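Engineer: For reference, the structure I am asking about is given below.
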Amino acid sequence: MLGGAVFAVCMAGTTLPTPLYPLYQDKFGFSELTVTVVYALYAFAVIAVLLLVGNASDAVGRRPVLLCGLACAAASAVCFLSAGGLGWLYAGRLLSGLSAGLFTGAATAYVMELAPPGGASRATFVATAANMGGLGCGPLLSGLLAQYAPWPLYLPFVAHLALVAASAAVLLWLAETVRERQPLRTVRPQRPALPPRVRAVFGPAATASFVGFALFGVFTSVSPAFLVESLDVADHAVSGLIVALAFFSSTAGQLAVGRVGVRRSLPLGCAGLLAGLALLAGALRWDQMALLMASALVGGIGQGLAFRGALSDVAEASPADQRAAVISTLFVVAYAGISVPVIGVGLLTDPIGLEGAGLVFIASMAVLVVVAGVYLVRRLVPARV
């Protein structure tokens with residue numbers, strides 16, 4: 001449980017600035033495109049870490065890598081505390097991405113290795129809840145502090161620094177789980193791998209993962225501006241709550257996989273993503289808060305179902321000696337979904353407005369998820385027969 005708490009603290013820091021972007025826009029006077037670029041830098045940093053040193057904790061141990069991740073998280077908070085211009089925000093998001101990239105694989109493995117005998121199932125739940133739950137707690141915490149406490153651009157990061165310090169103390173107390181450690185020089189960059197036998201499964205799984213992460217990317221980067229511009233809602237707590245709802249719903253969707261079955265979870269997740277995109281389109285078109293919240297709830301559940309189903313499908317189809325590389329490739333595609341479409345929305349916002357850019361994004365993602373969903377349903381029906 002303590003390992004899961006450390007995981008959650010790190011992930012919370014990556015979404016902490018989300019409700020604060022409108023305040024930074026007022027302070028520094030930058031456009032919506034800049035917001036999306038600042039946000040997307042995080043995803044690029046995560047991808048770089050996954051490809052270059054994603055397997056470092058297998059060699060040097062879990063705790064050294066996780067302590068480095070916490071150091072990056074602390075440095076990110078210091079950048080936001082010191083922010084006197086746009087460059088500080090870029091640096092803060094870049095460091096935040098480095099911390100998440102270091103934690104994603106190492107912390108998941110650490111939580112599972114710390115589990116007592118017979119506790120593998122509970123450890124999987126803790127790792128899942130810590131990851132997505134931590135991402136949800138970040139905007140919720142900063143939104144509440146920004147709305148109801150003084151120093152809205154400073155207090156959230158001071159609070160996170162205190163949590164990071166406590167997490168470092170916990171990590172130093174916990175045991176190392178890697179018994180045979182190797183020098184850092186043995187760590188090598190990982191190439192994305194896609195063996196021929198995996199390709200038929202990987203295509204729809206990667207597409208659904210891309211769409212799910214893209215939906216989260218748009219929610220976390222653009223929804224605060226939509227609330228202010230279209231709904232006249234400047235309450236930072238409400239902004240943080242809506243983003244948090246999407247991540248908490250994803251946790252619920254991942255936990256529901258045990259009930260609906262792994263094989264059905266991916267097509268059902270695609271259906272949930274499509275419904276979430278439709279609700280988001282309605283929210284943009286008719287400026288409806290209720291539809292925005294429904295989109296966060298339904299789309300989040302769909303993302304959770306789809307992503308856990310995608311991971312299970314890809315892992316099952318992969319050869320044992322290439323499984324880690326294939327899963328890393330899936331994560332690279334998923335994190336590309338956080339960056340590329342989000343920047344696209346930012347580029348379109350100036351010429352056609354936030355509503356138009358959002359609708360173009362939704363239409364593009366809907367086409368992708370429908371193609372993936374149809375393929376998965378056609379594959380599922382013969383399996384039942």
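We label chains A, B, ... in the order they appear in the structure tokens, count residues from 1 in each chain, and number ligands from 1 in the order shown.
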Give the alpha helix (DSSP H) residues of region 151-322 of chain A, as assigned by DSSP on the backbone, as an MDAnalysis selection string.

Structural biologist: chainID A and resid 155:173 199:229 236:260 262:286 289:317

Engineer: Please report, as JSON lines, each residue of region 119-206 of chain A lying at most 10 Å from region 75-80 of chain A, together with the nearest pair of atoms and the separation in Å rounded to one decimal; use only C-alpha atoms, and order rows by chain and ascending residue number.

Structural biologist:
```
{"residue": "A:Leu153", "atom": "CA", "partner": "A:Phe80", "partner_atom": "CA", "distance": 7.9}
{"residue": "A:Tyr154", "atom": "CA", "partner": "A:Phe80", "partner_atom": "CA", "distance": 7.7}
{"residue": "A:Pro156", "atom": "CA", "partner": "A:Ala77", "partner_atom": "CA", "distance": 8.9}
{"residue": "A:Phe157", "atom": "CA", "partner": "A:Ala77", "partner_atom": "CA", "distance": 5.3}
{"residue": "A:Val158", "atom": "CA", "partner": "A:Ala77", "partner_atom": "CA", "distance": 7.6}
{"residue": "A:Ala159", "atom": "CA", "partner": "A:Ala77", "partner_atom": "CA", "distance": 9.5}
{"residue": "A:His160", "atom": "CA", "partner": "A:Ala77", "partner_atom": "CA", "distance": 7.3}
{"residue": "A:Leu161", "atom": "CA", "partner": "A:Ala77", "partner_atom": "CA", "distance": 6.7}
{"residue": "A:Val164", "atom": "CA", "partner": "A:Ala77", "partner_atom": "CA", "distance": 9.8}
```

Engineer: What does the file look like for those residues with N, CA and C atoms, as a tab-separated table (two decimals), in the first residue's frame?

Structural biologist:
```tsv
chain	number	residue	atom	x	y	z
A	153	LEU	N	-1.36	30.02	-7.51
A	153	LEU	CA	-0.30	29.51	-8.39
A	153	LEU	C	0.90	28.98	-7.62
A	154	TYR	N	0.82	29.01	-6.30
A	154	TYR	CA	1.95	28.57	-5.49
A	154	TYR	C	1.60	27.46	-4.50
A	156	PRO	N	-0.58	24.94	-4.40
A	156	PRO	CA	-0.66	23.54	-4.85
A	156	PRO	C	0.72	22.88	-5.01
A	157	PHE	N	1.70	23.65	-5.46
A	157	PHE	CA	3.04	23.07	-5.68
A	157	PHE	C	3.82	22.94	-4.37
A	158	VAL	N	3.57	23.85	-3.42
A	158	VAL	CA	4.16	23.69	-2.09
A	158	VAL	C	3.62	22.42	-1.44
A	159	ALA	N	2.30	22.20	-1.56
A	159	ALA	CA	1.70	20.99	-1.00
A	159	ALA	C	2.29	19.74	-1.66
A	160	HIS	N	2.49	19.80	-2.98
A	160	HIS	CA	3.04	18.63	-3.67
A	160	HIS	C	4.49	18.38	-3.27
A	161	LEU	N	5.26	19.43	-3.07
A	161	LEU	CA	6.65	19.26	-2.62
A	161	LEU	C	6.69	18.56	-1.26
A	164	VAL	N	5.99	14.93	-1.91
A	164	VAL	CA	7.15	14.29	-2.54
A	164	VAL	C	8.21	13.99	-1.49
```

Engineer: Which residues come within 7 Å of region 8-24 of chain A, counting only C-alpha atoms, excluding same-chain residues fewer than 2 positions away, as a compact mmCIF listing (two decimals) with C-alpha atoms, in the first residue's frame?

Structural biologist:
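And here is the file that came out, part-v4.txt:
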```
# COMPACT_ATOMS: atom_id res chain seq x y z
CA GLY A 4 1.01 2.57 -4.20
CA ALA A 5 0.78 5.83 -2.23
CA VAL A 6 4.20 6.91 -3.54
CA ASP A 26 -3.98 35.68 -17.82
CA LYS A 27 -0.57 36.15 -16.21
CA PHE A 28 1.63 35.52 -19.26
CA LEU A 70 10.62 11.92 -7.30
CA ALA A 73 8.74 15.70 -9.73
CA SER A 96 6.93 16.18 -15.00
CA ALA A 100 6.03 9.91 -15.01
CA ALA A 130 -2.57 4.53 -7.83
CA ASN A 131 -1.84 5.37 -11.47
CA GLY A 133 -6.37 7.71 -9.15
CA GLY A 134 -3.22 9.77 -8.71
CA LEU A 135 -3.80 11.45 -12.06
CA GLY A 136 -7.32 12.31 -10.88
CA CYS A 137 -6.20 13.63 -7.48
CA GLY A 138 -3.82 16.18 -9.05
CA PRO A 139 -6.40 18.51 -10.63
CA SER A 142 -4.98 22.10 -7.17
CA GLY A 143 -8.52 23.14 -8.15
CA HIS A 160 3.04 18.63 -3.67
CA LEU A 163 4.08 15.05 -0.39
CA VAL A 164 7.15 14.29 -2.54
CA THR A 220 -7.01 18.00 -19.37
CA SER A 221 -5.63 20.69 -21.69
CA PRO A 224 -10.59 24.60 -18.36
CA ALA A 225 -10.65 27.09 -21.25
CA HIS A 236 -11.13 26.22 -10.45
CA SER A 239 -12.56 22.54 -13.50
CA GLY A 240 -10.42 20.19 -11.40
```

Engineer: For the atom pair CA of Leu277 (chain A) and CA of Leu141 (chain A), what is the interatomic distance in Å to one decimal place?

Structural biologist: 26.2 Å

Engineer: Choose the residue, out of A:Val228, A:Ala56, A:Ala91, A:Leu305, that has the smallest atom-to-atom separation from Cys72 (chain A); count only C-alpha atoms.

Structural biologist: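 Smallest distance to Cys72 (chain A) is found for A:Ala91.
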
Engineer: Quick one: pull the distance between CA of Pro196 (chain A) and CA of Ala109 (chain A), Å, one decimal.

Structural biologist: 27.2 Å

Engineer: In Å, how far is it from CA of Leu330 (chain A) to CA of Val374 (chain A)?

Structural biologist: 20.2 Å

Engineer: Using only C-alpha atoms, which residues sit within 10 Å of region 266-271 of chain A once same-chain residues fewer than 6 positions away are excluded, as a PyMOL selection string?

Structural biologist: chain A and resi 204-205+207-209+211-212+253-254+257+260+277+298-313+366+368-380

Engineer: Residues near Gly337 (chain A), anyone? I mean within 7 Å using only C-alpha atoms, not counting same-chain ones fewer than 2 positions away, as a list in words.

Structural biologist: Phe210, Val211, Phe213, Ala214, Val333, Ala334, Tyr335, Ser339, Val340 and Pro341 of chain A

Engineer: Which residue, A:Phe219, A:Phe103, A:Phe7, A:Tyr110, has the smallest gap to Met293 (chain A) when you use only C-alpha atoms?

Structural biologist: A:Phe219

Engineer: Near Phe361 (chain A), counting only C-alpha atoms, which residues have an atom at most 10 Å away, once you skip same-chain residues fewer than 6 positions from it, shown as a PyMOL selection string?

Structural biologist: chain A and resi 214-215+218+277+281+341-342+344-345+348+355

Engineer: Hey, what's within 9 Å of Leu359 (chain A) if we count only C-alpha atoms and toss same-chain stuff fewer than 4 positions away? As a PDB file with C-alpha atoms, in the first residue's frame, please?

Structural biologist:
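The resulting file, part-v7.pdb, is reproduced below:
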```pdb
ATOM      1  CA  LEU A 280     -18.392  15.819 -25.679  1.00  0.00           C
ATOM      2  CA  ALA A 281     -19.589  16.958 -29.121  1.00  0.00           C
ATOM      3  CA  LEU A 284     -19.329  21.789 -27.225  1.00  0.00           C
ATOM      4  CA  ARG A 285     -22.236  22.340 -29.598  1.00  0.00           C
ATOM      5  CA  LEU A 354     -12.500  26.141 -29.663  1.00  0.00           C
ATOM      6  CA  GLU A 355     -15.871  24.579 -30.549  1.00  0.00           C
ATOM      7  CA  ALA A 363     -14.969  13.447 -35.741  1.00  0.00           C
ATOM      8  CA  SER A 364     -11.416  12.223 -36.394  1.00  0.00           C
TER       9      SER A 364
END
```
